[in-house]
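Engineer: One file: entry.cif (mmCIF, N, CA and C atoms).
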data_start
loop_
_atom_site.label_atom_id
_atom_site.label_comp_id
_atom_site.auth_asym_id
_atom_site.auth_seq_id
_atom_site.Cartn_x
_atom_site.Cartn_y
_atom_site.Cartn_z
N MET A 15 87.70 137.38 111.63
CA MET A 15 88.80 136.90 110.83
C MET A 15 90.09 137.04 111.64
N ASN A 16 90.52 135.93 112.17
CA ASN A 16 91.66 135.92 113.04
C ASN A 16 92.79 135.11 112.40
N GLU A 17 93.52 135.70 111.44
CA GLU A 17 94.60 135.01 110.74
C GLU A 17 95.91 135.27 111.44
N LYS A 18 96.67 134.23 111.54
CA LYS A 18 97.97 134.35 112.18
C LYS A 18 99.01 134.65 111.10
N ILE A 19 99.81 135.64 111.33
CA ILE A 19 100.84 136.02 110.39
C ILE A 19 102.11 135.26 110.75
N ILE A 20 102.66 134.60 109.75
CA ILE A 20 103.88 133.83 109.94
C ILE A 20 105.05 134.65 109.42
N SER A 21 105.97 134.91 110.26
CA SER A 21 107.12 135.69 109.82
C SER A 21 108.16 134.76 109.21
N THR A 22 108.79 135.21 108.16
CA THR A 22 109.82 134.42 107.48
C THR A 22 111.05 135.28 107.29
N TYR A 23 112.10 134.66 106.92
CA TYR A 23 113.34 135.38 106.64
C TYR A 23 114.06 134.64 105.51
N PRO A 24 114.86 135.34 104.75
CA PRO A 24 115.58 134.67 103.66
C PRO A 24 116.62 133.69 104.22
N GLU A 25 116.91 132.66 103.42
CA GLU A 25 117.91 131.69 103.85
C GLU A 25 119.27 132.35 103.97
N SER A 26 120.00 131.95 104.99
CA SER A 26 121.37 132.46 105.13
C SER A 26 122.26 131.70 104.15
N GLU A 27 123.46 132.17 103.98
CA GLU A 27 124.41 131.51 103.09
C GLU A 27 124.73 130.11 103.60
N ASN A 28 124.81 129.95 104.91
CA ASN A 28 125.07 128.62 105.49
C ASN A 28 123.92 127.66 105.19
N GLU A 29 122.71 128.12 105.30
CA GLU A 29 121.55 127.27 105.00
C GLU A 29 121.52 126.89 103.52
N LYS A 30 121.83 127.83 102.65
CA LYS A 30 121.88 127.54 101.21
C LYS A 30 122.96 126.50 100.91
N LEU A 31 124.12 126.65 101.55
CA LEU A 31 125.21 125.72 101.34
C LEU A 31 124.84 124.32 101.84
N LEU A 32 124.21 124.24 103.02
CA LEU A 32 123.80 122.95 103.56
C LEU A 32 122.76 122.28 102.66
N ARG A 33 121.81 123.05 102.15
CA ARG A 33 120.80 122.51 101.25
C ARG A 33 121.45 121.99 99.98
N LYS A 34 122.40 122.74 99.44
CA LYS A 34 123.10 122.34 98.22
C LYS A 34 123.88 121.04 98.47
N LYS A 35 124.60 120.97 99.59
CA LYS A 35 125.38 119.77 99.91
C LYS A 35 124.47 118.56 100.13
N PHE A 36 123.31 118.79 100.70
CA PHE A 36 122.35 117.70 100.90
C PHE A 36 121.95 117.10 99.56
N TYR A 37 121.60 117.94 98.60
CA TYR A 37 121.18 117.43 97.31
C TYR A 37 122.34 116.85 96.50
N GLU A 38 123.54 117.41 96.69
CA GLU A 38 124.71 116.83 96.04
C GLU A 38 124.98 115.43 96.58
N ASP A 39 124.77 115.24 97.88
CA ASP A 39 124.98 113.94 98.49
C ASP A 39 123.98 112.92 97.94
N ILE A 40 122.75 113.31 97.79
CA ILE A 40 121.74 112.41 97.23
C ILE A 40 122.13 112.03 95.81
N ALA A 41 122.56 113.00 95.02
CA ALA A 41 122.94 112.73 93.64
C ALA A 41 124.20 111.88 93.54
N ALA A 42 125.10 111.97 94.51
CA ALA A 42 126.37 111.25 94.46
C ALA A 42 126.29 109.81 94.97
N GLN A 43 125.17 109.43 95.58
CA GLN A 43 125.06 108.08 96.13
C GLN A 43 125.27 107.01 95.06
N SER A 44 124.67 107.20 93.92
CA SER A 44 124.79 106.23 92.84
C SER A 44 126.24 106.12 92.36
N GLU A 45 126.93 107.25 92.30
CA GLU A 45 128.34 107.25 91.88
C GLU A 45 129.20 106.49 92.89
N ARG A 46 128.90 106.64 94.17
CA ARG A 46 129.68 105.93 95.19
C ARG A 46 129.48 104.42 95.08
N VAL A 47 128.27 103.99 94.79
CA VAL A 47 128.02 102.56 94.62
C VAL A 47 128.71 102.05 93.36
N ASP A 48 128.75 102.89 92.30
CA ASP A 48 129.49 102.52 91.09
C ASP A 48 130.97 102.35 91.40
N SER A 49 131.52 103.24 92.21
CA SER A 49 132.93 103.14 92.58
C SER A 49 133.18 101.87 93.39
N LEU A 50 132.30 101.57 94.33
CA LEU A 50 132.41 100.33 95.10
C LEU A 50 132.36 99.12 94.18
N SER A 51 131.43 99.13 93.23
CA SER A 51 131.29 98.00 92.30
C SER A 51 132.53 97.85 91.42
N ALA A 52 133.12 98.98 91.03
CA ALA A 52 134.35 98.91 90.22
C ALA A 52 135.48 98.28 91.02
N HIS A 53 135.59 98.62 92.30
CA HIS A 53 136.61 97.99 93.14
C HIS A 53 136.32 96.51 93.34
N LEU A 54 135.05 96.17 93.51
CA LEU A 54 134.66 94.77 93.64
C LEU A 54 135.04 94.00 92.38
N LEU A 55 134.80 94.60 91.22
CA LEU A 55 135.12 93.96 89.95
C LEU A 55 136.62 93.66 89.87
N THR A 56 137.43 94.61 90.31
CA THR A 56 138.88 94.40 90.31
C THR A 56 139.25 93.21 91.19
N LEU A 57 138.67 93.14 92.39
CA LEU A 57 138.93 92.01 93.28
C LEU A 57 138.44 90.69 92.69
N GLU A 58 137.25 90.73 92.10
CA GLU A 58 136.66 89.51 91.57
C GLU A 58 137.42 88.97 90.37
N LEU A 59 138.15 89.82 89.70
CA LEU A 59 138.98 89.36 88.59
C LEU A 59 140.36 88.93 89.06
N ALA A 60 140.87 89.54 90.12
CA ALA A 60 142.23 89.23 90.59
C ALA A 60 142.29 87.99 91.49
N ILE A 61 141.37 87.87 92.42
CA ILE A 61 141.43 86.79 93.42
C ILE A 61 141.37 85.40 92.78
N PRO A 62 140.49 85.13 91.82
CA PRO A 62 140.50 83.78 91.23
C PRO A 62 141.84 83.43 90.57
N GLY A 63 142.49 84.40 89.95
CA GLY A 63 143.79 84.13 89.35
C GLY A 63 144.84 83.83 90.41
N ILE A 64 144.81 84.58 91.48
CA ILE A 64 145.74 84.33 92.59
C ILE A 64 145.46 82.96 93.20
N TYR A 65 144.19 82.65 93.36
CA TYR A 65 143.78 81.36 93.92
C TYR A 65 144.28 80.20 93.05
N ALA A 66 144.09 80.32 91.74
CA ALA A 66 144.55 79.27 90.83
C ALA A 66 146.07 79.11 90.90
N THR A 67 146.77 80.24 91.02
CA THR A 67 148.23 80.19 91.13
C THR A 67 148.65 79.50 92.42
N VAL A 68 147.99 79.83 93.53
CA VAL A 68 148.32 79.20 94.81
C VAL A 68 148.05 77.70 94.75
N LEU A 69 146.92 77.31 94.15
CA LEU A 69 146.63 75.88 94.01
C LEU A 69 147.73 75.17 93.22
N LYS A 70 148.16 75.79 92.15
CA LYS A 70 149.19 75.21 91.30
C LYS A 70 150.51 75.09 92.06
N LEU A 71 150.86 76.13 92.81
CA LEU A 71 152.11 76.10 93.56
C LEU A 71 152.09 75.08 94.70
N LEU A 72 150.97 74.99 95.39
CA LEU A 72 150.87 74.07 96.52
C LEU A 72 150.76 72.61 96.08
N ARG A 73 150.06 72.37 95.02
CA ARG A 73 149.80 70.99 94.58
C ARG A 73 150.87 70.47 93.63
N GLY A 74 151.56 71.36 92.94
CA GLY A 74 152.57 70.92 91.97
C GLY A 74 151.94 70.67 90.62
N GLY A 75 152.79 70.49 89.64
CA GLY A 75 152.33 70.33 88.26
C GLY A 75 151.61 69.03 88.00
N ASP A 76 152.03 67.93 88.63
CA ASP A 76 151.45 66.63 88.35
C ASP A 76 150.44 66.18 89.40
N ALA A 77 150.21 66.98 90.41
CA ALA A 77 149.31 66.58 91.50
C ALA A 77 147.86 66.66 91.04
N THR A 78 147.04 65.82 91.63
CA THR A 78 145.60 65.88 91.36
C THR A 78 144.91 66.59 92.52
N LEU A 79 143.83 67.20 92.20
CA LEU A 79 143.07 67.94 93.22
C LEU A 79 142.07 66.99 93.85
N GLN A 80 142.11 66.89 95.18
CA GLN A 80 141.21 65.98 95.87
C GLN A 80 139.81 66.57 96.03
N ASN A 81 139.72 67.85 96.21
CA ASN A 81 138.46 68.50 96.54
C ASN A 81 137.88 69.24 95.34
N LEU A 82 137.74 68.53 94.21
CA LEU A 82 137.32 69.16 92.96
C LEU A 82 135.93 69.79 93.05
N GLY A 83 135.03 69.17 93.80
CA GLY A 83 133.68 69.73 93.96
C GLY A 83 133.71 71.10 94.63
N ALA A 84 134.52 71.22 95.67
CA ALA A 84 134.63 72.50 96.37
C ALA A 84 135.24 73.57 95.47
N ILE A 85 136.17 73.16 94.63
CA ILE A 85 136.77 74.12 93.69
C ILE A 85 135.73 74.61 92.69
N TRP A 86 134.90 73.71 92.20
CA TRP A 86 133.82 74.11 91.29
C TRP A 86 132.84 75.07 91.99
N TRP A 87 132.52 74.75 93.25
CA TRP A 87 131.63 75.64 94.01
C TRP A 87 132.27 77.01 94.18
N THR A 88 133.56 77.03 94.48
CA THR A 88 134.28 78.30 94.66
C THR A 88 134.18 79.16 93.41
N PHE A 89 134.56 78.58 92.28
CA PHE A 89 134.51 79.35 91.04
C PHE A 89 133.08 79.68 90.62
N GLY A 90 132.14 78.82 90.98
CA GLY A 90 130.73 79.11 90.69
C GLY A 90 130.23 80.33 91.46
N PHE A 91 130.55 80.39 92.75
CA PHE A 91 130.16 81.56 93.54
C PHE A 91 130.85 82.82 93.03
N TRP A 92 132.11 82.70 92.66
CA TRP A 92 132.83 83.86 92.13
C TRP A 92 132.25 84.32 90.80
N PHE A 93 131.81 83.37 89.98
CA PHE A 93 131.20 83.74 88.70
C PHE A 93 129.87 84.47 88.92
N ILE A 94 129.07 83.98 89.85
CA ILE A 94 127.79 84.65 90.16
C ILE A 94 128.07 86.06 90.69
N ALA A 95 129.09 86.19 91.56
CA ALA A 95 129.46 87.51 92.09
C ALA A 95 129.86 88.45 90.95
N LEU A 96 130.62 87.93 90.01
CA LEU A 96 131.04 88.74 88.87
C LEU A 96 129.85 89.22 88.04
N ILE A 97 128.91 88.33 87.79
CA ILE A 97 127.70 88.70 87.03
C ILE A 97 126.90 89.77 87.79
N LEU A 98 126.73 89.60 89.08
CA LEU A 98 125.98 90.59 89.88
C LEU A 98 126.67 91.96 89.87
N THR A 99 127.99 91.95 89.93
CA THR A 99 128.72 93.22 89.88
C THR A 99 128.54 93.89 88.53
N LEU A 100 128.59 93.12 87.47
CA LEU A 100 128.39 93.69 86.13
C LEU A 100 126.99 94.25 85.97
N ILE A 101 126.00 93.59 86.58
CA ILE A 101 124.63 94.12 86.55
C ILE A 101 124.57 95.45 87.30
N ALA A 102 125.26 95.51 88.45
CA ALA A 102 125.27 96.76 89.24
C ALA A 102 125.91 97.90 88.45
N LEU A 103 126.89 97.59 87.62
CA LEU A 103 127.59 98.62 86.86
C LEU A 103 126.89 98.99 85.55
N THR A 104 125.98 98.15 85.09
CA THR A 104 125.30 98.39 83.83
C THR A 104 124.22 99.45 84.01
N PRO A 105 124.23 100.48 83.17
CA PRO A 105 123.19 101.52 83.29
C PRO A 105 121.79 100.95 83.06
N ARG A 106 120.85 101.48 83.79
CA ARG A 106 119.46 101.05 83.67
C ARG A 106 118.62 102.26 83.31
N LYS A 107 117.64 102.05 82.46
CA LYS A 107 116.77 103.14 82.06
C LYS A 107 115.62 103.26 83.07
N TRP A 108 115.44 104.47 83.58
CA TRP A 108 114.38 104.76 84.54
C TRP A 108 113.41 105.76 83.93
N LYS A 109 112.15 105.58 84.23
CA LYS A 109 111.14 106.54 83.80
C LYS A 109 111.09 107.65 84.85
N VAL A 110 111.48 108.86 84.45
CA VAL A 110 111.57 109.98 85.38
C VAL A 110 110.72 111.14 84.86
N ASN A 111 109.95 111.73 85.76
CA ASN A 111 109.19 112.93 85.45
C ASN A 111 110.00 114.12 85.94
N PRO A 112 110.66 114.87 85.02
CA PRO A 112 111.54 115.95 85.45
C PRO A 112 110.82 117.15 86.08
N ARG A 113 109.51 117.18 85.99
CA ARG A 113 108.75 118.30 86.58
C ARG A 113 108.42 118.06 88.05
N VAL A 114 108.67 116.84 88.53
CA VAL A 114 108.32 116.49 89.91
C VAL A 114 109.60 116.16 90.66
N PHE A 115 109.70 116.71 91.86
CA PHE A 115 110.89 116.47 92.66
C PHE A 115 110.77 115.14 93.41
N GLU A 116 109.64 114.95 94.09
CA GLU A 116 109.38 113.72 94.81
C GLU A 116 107.98 113.25 94.45
N GLN A 117 107.89 112.11 93.76
CA GLN A 117 106.63 111.62 93.23
C GLN A 117 105.84 110.86 94.30
N ASP A 118 104.52 111.01 94.23
CA ASP A 118 103.63 110.22 95.07
C ASP A 118 103.78 108.75 94.66
N LYS A 119 103.90 107.85 95.63
CA LYS A 119 104.16 106.44 95.35
C LYS A 119 103.08 105.82 94.45
N SER A 120 101.86 106.26 94.58
CA SER A 120 100.78 105.69 93.78
C SER A 120 100.87 106.12 92.31
N LEU A 121 101.60 107.18 92.02
CA LEU A 121 101.72 107.67 90.64
C LEU A 121 103.04 107.31 89.97
N MET A 122 103.93 106.64 90.70
CA MET A 122 105.27 106.35 90.16
C MET A 122 105.23 105.51 88.89
N LYS A 123 104.37 104.50 88.85
CA LYS A 123 104.34 103.62 87.67
C LYS A 123 103.79 104.34 86.44
N GLU A 124 102.80 105.18 86.62
CA GLU A 124 102.18 105.84 85.48
C GLU A 124 102.98 107.06 85.00
N GLU A 125 103.40 107.90 85.94
CA GLU A 125 104.03 109.17 85.58
C GLU A 125 105.55 109.16 85.70
N GLY A 126 106.10 108.16 86.34
CA GLY A 126 107.54 108.07 86.50
C GLY A 126 107.99 108.59 87.85
N LEU A 127 109.26 108.37 88.12
CA LEU A 127 109.85 108.80 89.39
C LEU A 127 110.06 110.30 89.40
N GLY A 128 110.09 110.86 90.58
CA GLY A 128 110.52 112.23 90.72
C GLY A 128 112.05 112.27 90.65
N ILE A 129 112.61 113.46 90.57
CA ILE A 129 114.06 113.58 90.44
C ILE A 129 114.78 113.01 91.66
N GLU A 130 114.35 113.36 92.85
CA GLU A 130 114.98 112.83 94.06
C GLU A 130 114.75 111.33 94.16
N ASP A 131 113.55 110.88 93.79
CA ASP A 131 113.25 109.44 93.80
C ASP A 131 114.21 108.68 92.89
N TYR A 132 114.50 109.26 91.73
CA TYR A 132 115.40 108.63 90.77
C TYR A 132 116.78 108.38 91.39
N PHE A 133 117.35 109.41 92.02
CA PHE A 133 118.67 109.25 92.60
C PHE A 133 118.68 108.22 93.73
N ARG A 134 117.66 108.25 94.55
CA ARG A 134 117.60 107.29 95.66
C ARG A 134 117.38 105.87 95.16
N LYS A 135 116.44 105.70 94.23
CA LYS A 135 116.10 104.37 93.75
C LYS A 135 117.24 103.76 92.92
N SER A 136 117.89 104.58 92.14
CA SER A 136 119.02 104.12 91.34
C SER A 136 120.15 103.63 92.24
N ALA A 137 120.47 104.38 93.28
CA ALA A 137 121.53 103.98 94.21
C ALA A 137 121.14 102.70 94.96
N LYS A 138 119.88 102.61 95.37
CA LYS A 138 119.42 101.43 96.11
C LYS A 138 119.47 100.19 95.23
N TYR A 139 119.07 100.32 93.97
CA TYR A 139 119.10 99.21 93.01
C TYR A 139 120.53 98.69 92.84
N LYS A 140 121.46 99.61 92.63
CA LYS A 140 122.86 99.22 92.46
C LYS A 140 123.42 98.63 93.75
N TRP A 141 123.02 99.18 94.89
CA TRP A 141 123.52 98.71 96.18
C TRP A 141 123.12 97.26 96.43
N TYR A 142 121.88 96.89 96.09
CA TYR A 142 121.43 95.52 96.30
C TYR A 142 122.29 94.53 95.50
N PHE A 143 122.58 94.87 94.25
CA PHE A 143 123.41 93.97 93.44
C PHE A 143 124.85 93.92 93.96
N ALA A 144 125.39 95.06 94.38
CA ALA A 144 126.76 95.08 94.92
C ALA A 144 126.83 94.28 96.22
N LEU A 145 125.82 94.41 97.06
CA LEU A 145 125.79 93.65 98.31
C LEU A 145 125.69 92.15 98.05
N ALA A 146 124.79 91.76 97.15
CA ALA A 146 124.66 90.34 96.81
C ALA A 146 125.96 89.81 96.22
N SER A 147 126.59 90.60 95.37
CA SER A 147 127.86 90.21 94.78
C SER A 147 128.91 89.99 95.85
N SER A 148 128.98 90.90 96.81
CA SER A 148 129.95 90.76 97.91
C SER A 148 129.71 89.49 98.70
N LEU A 149 128.46 89.20 98.98
CA LEU A 149 128.15 87.99 99.74
C LEU A 149 128.56 86.73 98.99
N PHE A 150 128.22 86.65 97.71
CA PHE A 150 128.62 85.49 96.92
C PHE A 150 130.14 85.37 96.84
N PHE A 151 130.80 86.51 96.67
CA PHE A 151 132.25 86.50 96.55
C PHE A 151 132.91 86.00 97.84
N PHE A 152 132.45 86.48 98.98
CA PHE A 152 133.07 86.06 100.24
C PHE A 152 132.70 84.63 100.63
N VAL A 153 131.54 84.16 100.21
CA VAL A 153 131.23 82.73 100.40
C VAL A 153 132.19 81.90 99.56
N GLY A 154 132.47 82.36 98.34
CA GLY A 154 133.45 81.68 97.49
C GLY A 154 134.82 81.66 98.14
N ILE A 155 135.21 82.75 98.76
CA ILE A 155 136.50 82.79 99.47
C ILE A 155 136.49 81.81 100.64
N GLY A 156 135.37 81.75 101.35
CA GLY A 156 135.27 80.80 102.46
C GLY A 156 135.42 79.37 102.01
N ILE A 157 134.82 79.04 100.89
CA ILE A 157 134.94 77.68 100.36
C ILE A 157 136.38 77.43 99.87
N ALA A 158 136.97 78.47 99.27
CA ALA A 158 138.34 78.33 98.75
C ALA A 158 139.33 78.03 99.86
N VAL A 159 139.10 78.56 101.03
CA VAL A 159 140.01 78.31 102.15
C VAL A 159 140.09 76.83 102.48
N PHE A 160 138.97 76.13 102.34
CA PHE A 160 138.94 74.70 102.66
C PHE A 160 139.61 73.83 101.59
N THR A 161 139.83 74.38 100.41
CA THR A 161 140.44 73.57 99.34
C THR A 161 141.95 73.66 99.31
N ILE A 162 142.50 74.59 100.04
CA ILE A 162 143.96 74.77 100.01
C ILE A 162 144.63 73.88 101.04
#
Please re-express this file's structure in structure tokens.
Structural biologist:
Amino acid sequence: MNEKIISTYPESENEKLLRKKFYEDIAAQSERVDSLSAHLLTLELAIPGIYATVLKLLRGGDATLQNLGAIWWTFGFWFIALILTLIALTPRKWKVNPRVFEQDKSLMKEEGLGIEDYFRKSAKYKWYFALASSLFFFVGIGIAVFTI
């Protein structure tokens, strides 16, 4: 019987602090994406109003718009971006198993996500919608540039 003895030592205060900060960072990812989405929402509500004002100022009160199709496309992309941002900000219900920290992928559908899985998956879900929203919004800005 030749067993190897593994020596251990208690975690230092620095190690405990680093571990705590690591888990706080995982938990805060979703909040950061929410903050990003809130800023996106502010932009998505302000820019179309500014754009409409600029069009009115440049074209005048009685002028007709020559590029009406591009204007419709611009506002269409901005509307899609707004919807995607609202989806990113809307809470979603997740099935979570609070007794498991990190769930085996094959058991996620039946037993639910682990706690760490929940924070990661929630942030990733919101991030995809925020990213898609940003892309639609900036394509709308690109189209808007050609209408002015």
Engineer: Using the chain letters and residue numbers of this document, give as a list of chain:residue names the residues selected by the PyMOL selection byres (((chain A and resi 49 and name CA) around 12) and name CA).
Structural biologist: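 This file gives the following for the PyMOL selection byres (((chain A and resi 49 and name CA) around 12) and name CA): A:Ala42, A:Gln43, A:Ser44, A:Glu45, A:Arg46, A:Val47, A:Asp48, A:Leu50, A:Ser51, A:Ala52, A:His53, A:Leu54, A:Leu55, A:Thr56, A:Thr99, A:Ala102, A:Leu103, A:Ala137, A:Lys140, A:Trp141, A:Ala144.
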Engineer: Would you compute the distance between atom N of Glu116 (chain A) and atom N of Glu130 (chain A)? Give it in Å to one decimal.
Structural biologist: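 For atom N of Glu116 (chain A) relative to atom N of Glu130 (chain A), the distance reads 5.1 Å.
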Engineer: Find, counting only C-alpha atoms, the residue in A:Thr67, A:Gln117, A:Ser147, A:Asn111 that gets nearest to Phe93 (chain A).
Structural biologist: A:Ser147
Engineer: For CA of Ile61 (chain A) and CA of Ile94 (chain A), quote the distance in Å rounded to one decimal.
Structural biologist: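 CA of Ile94 (chain A) lies at a distance of 14.2 Å from CA of Ile61 (chain A).
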Engineer: I'd like to see the residues matched by the PyMOL selection byres ((chain A and resi 112) around 8) on this file, and ideally I'd get them as a list in words.
Structural biologist: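 Applying the expression gives Lys109, Val110, Asn111, Arg113, Val114, Phe115, Glu125, Gly126, Leu127, Gly128 and Ile129 of chain A.
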Engineer: Of the candidates A:Ala95, A:Leu82, A:Tyr132, A:Leu57, which one gets nearest to Trp108 (chain A) if we count only N, CA and C atoms?
Structural biologist: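 Answer, going by the shortest atom-to-atom distance: A:Tyr132.
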Engineer: Between CA of Ile101 (chain A) and atom C of Tyr139 (chain A), measure the distance and give it in Å to one decimal.
Structural biologist: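 Between CA of Ile101 (chain A) and atom C of Tyr139 (chain A) the gap works out to 8.8 Å.
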Engineer: Select, from A:Ala41, A:Pro62, A:Leu121, A:Tyr23, the residue with the minimum atom-to-atom distance to Phe89 (chain A), counting only N, CA and C atoms.
Structural biologist: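 Going through A:Ala41, A:Pro62, A:Leu121, A:Tyr23 one by one, the smallest distance to Phe89 (chain A) is for A:Pro62.
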Engineer: DSSP on the backbone: which residues in chain A end up as helix (DSSP H, G or I)? Give the answer as a count of residues only.
Structural biologist: 109
Engineer: Using only C-alpha atoms, which residue out of A:Leu31, A:Leu71, A:Val159, A:Ile40 lies closest to Arg134 (chain A)?
Structural biologist: A:Ile40
Engineer: Have a look at A:Leu149, A:Leu69, A:Ile19, A:Leu59 and name the one nearest to Phe91 (chain A); count only C-alpha atoms.
Structural biologist: A:Leu149
Engineer: Can you translate the PyMOL selection byres ((chain A and resi 88) around 6.5) into the concrete residues it hits in this file, as number ranges by chain?
Structural biologist: A: 83-87, 89-93, 153-155, 157-158
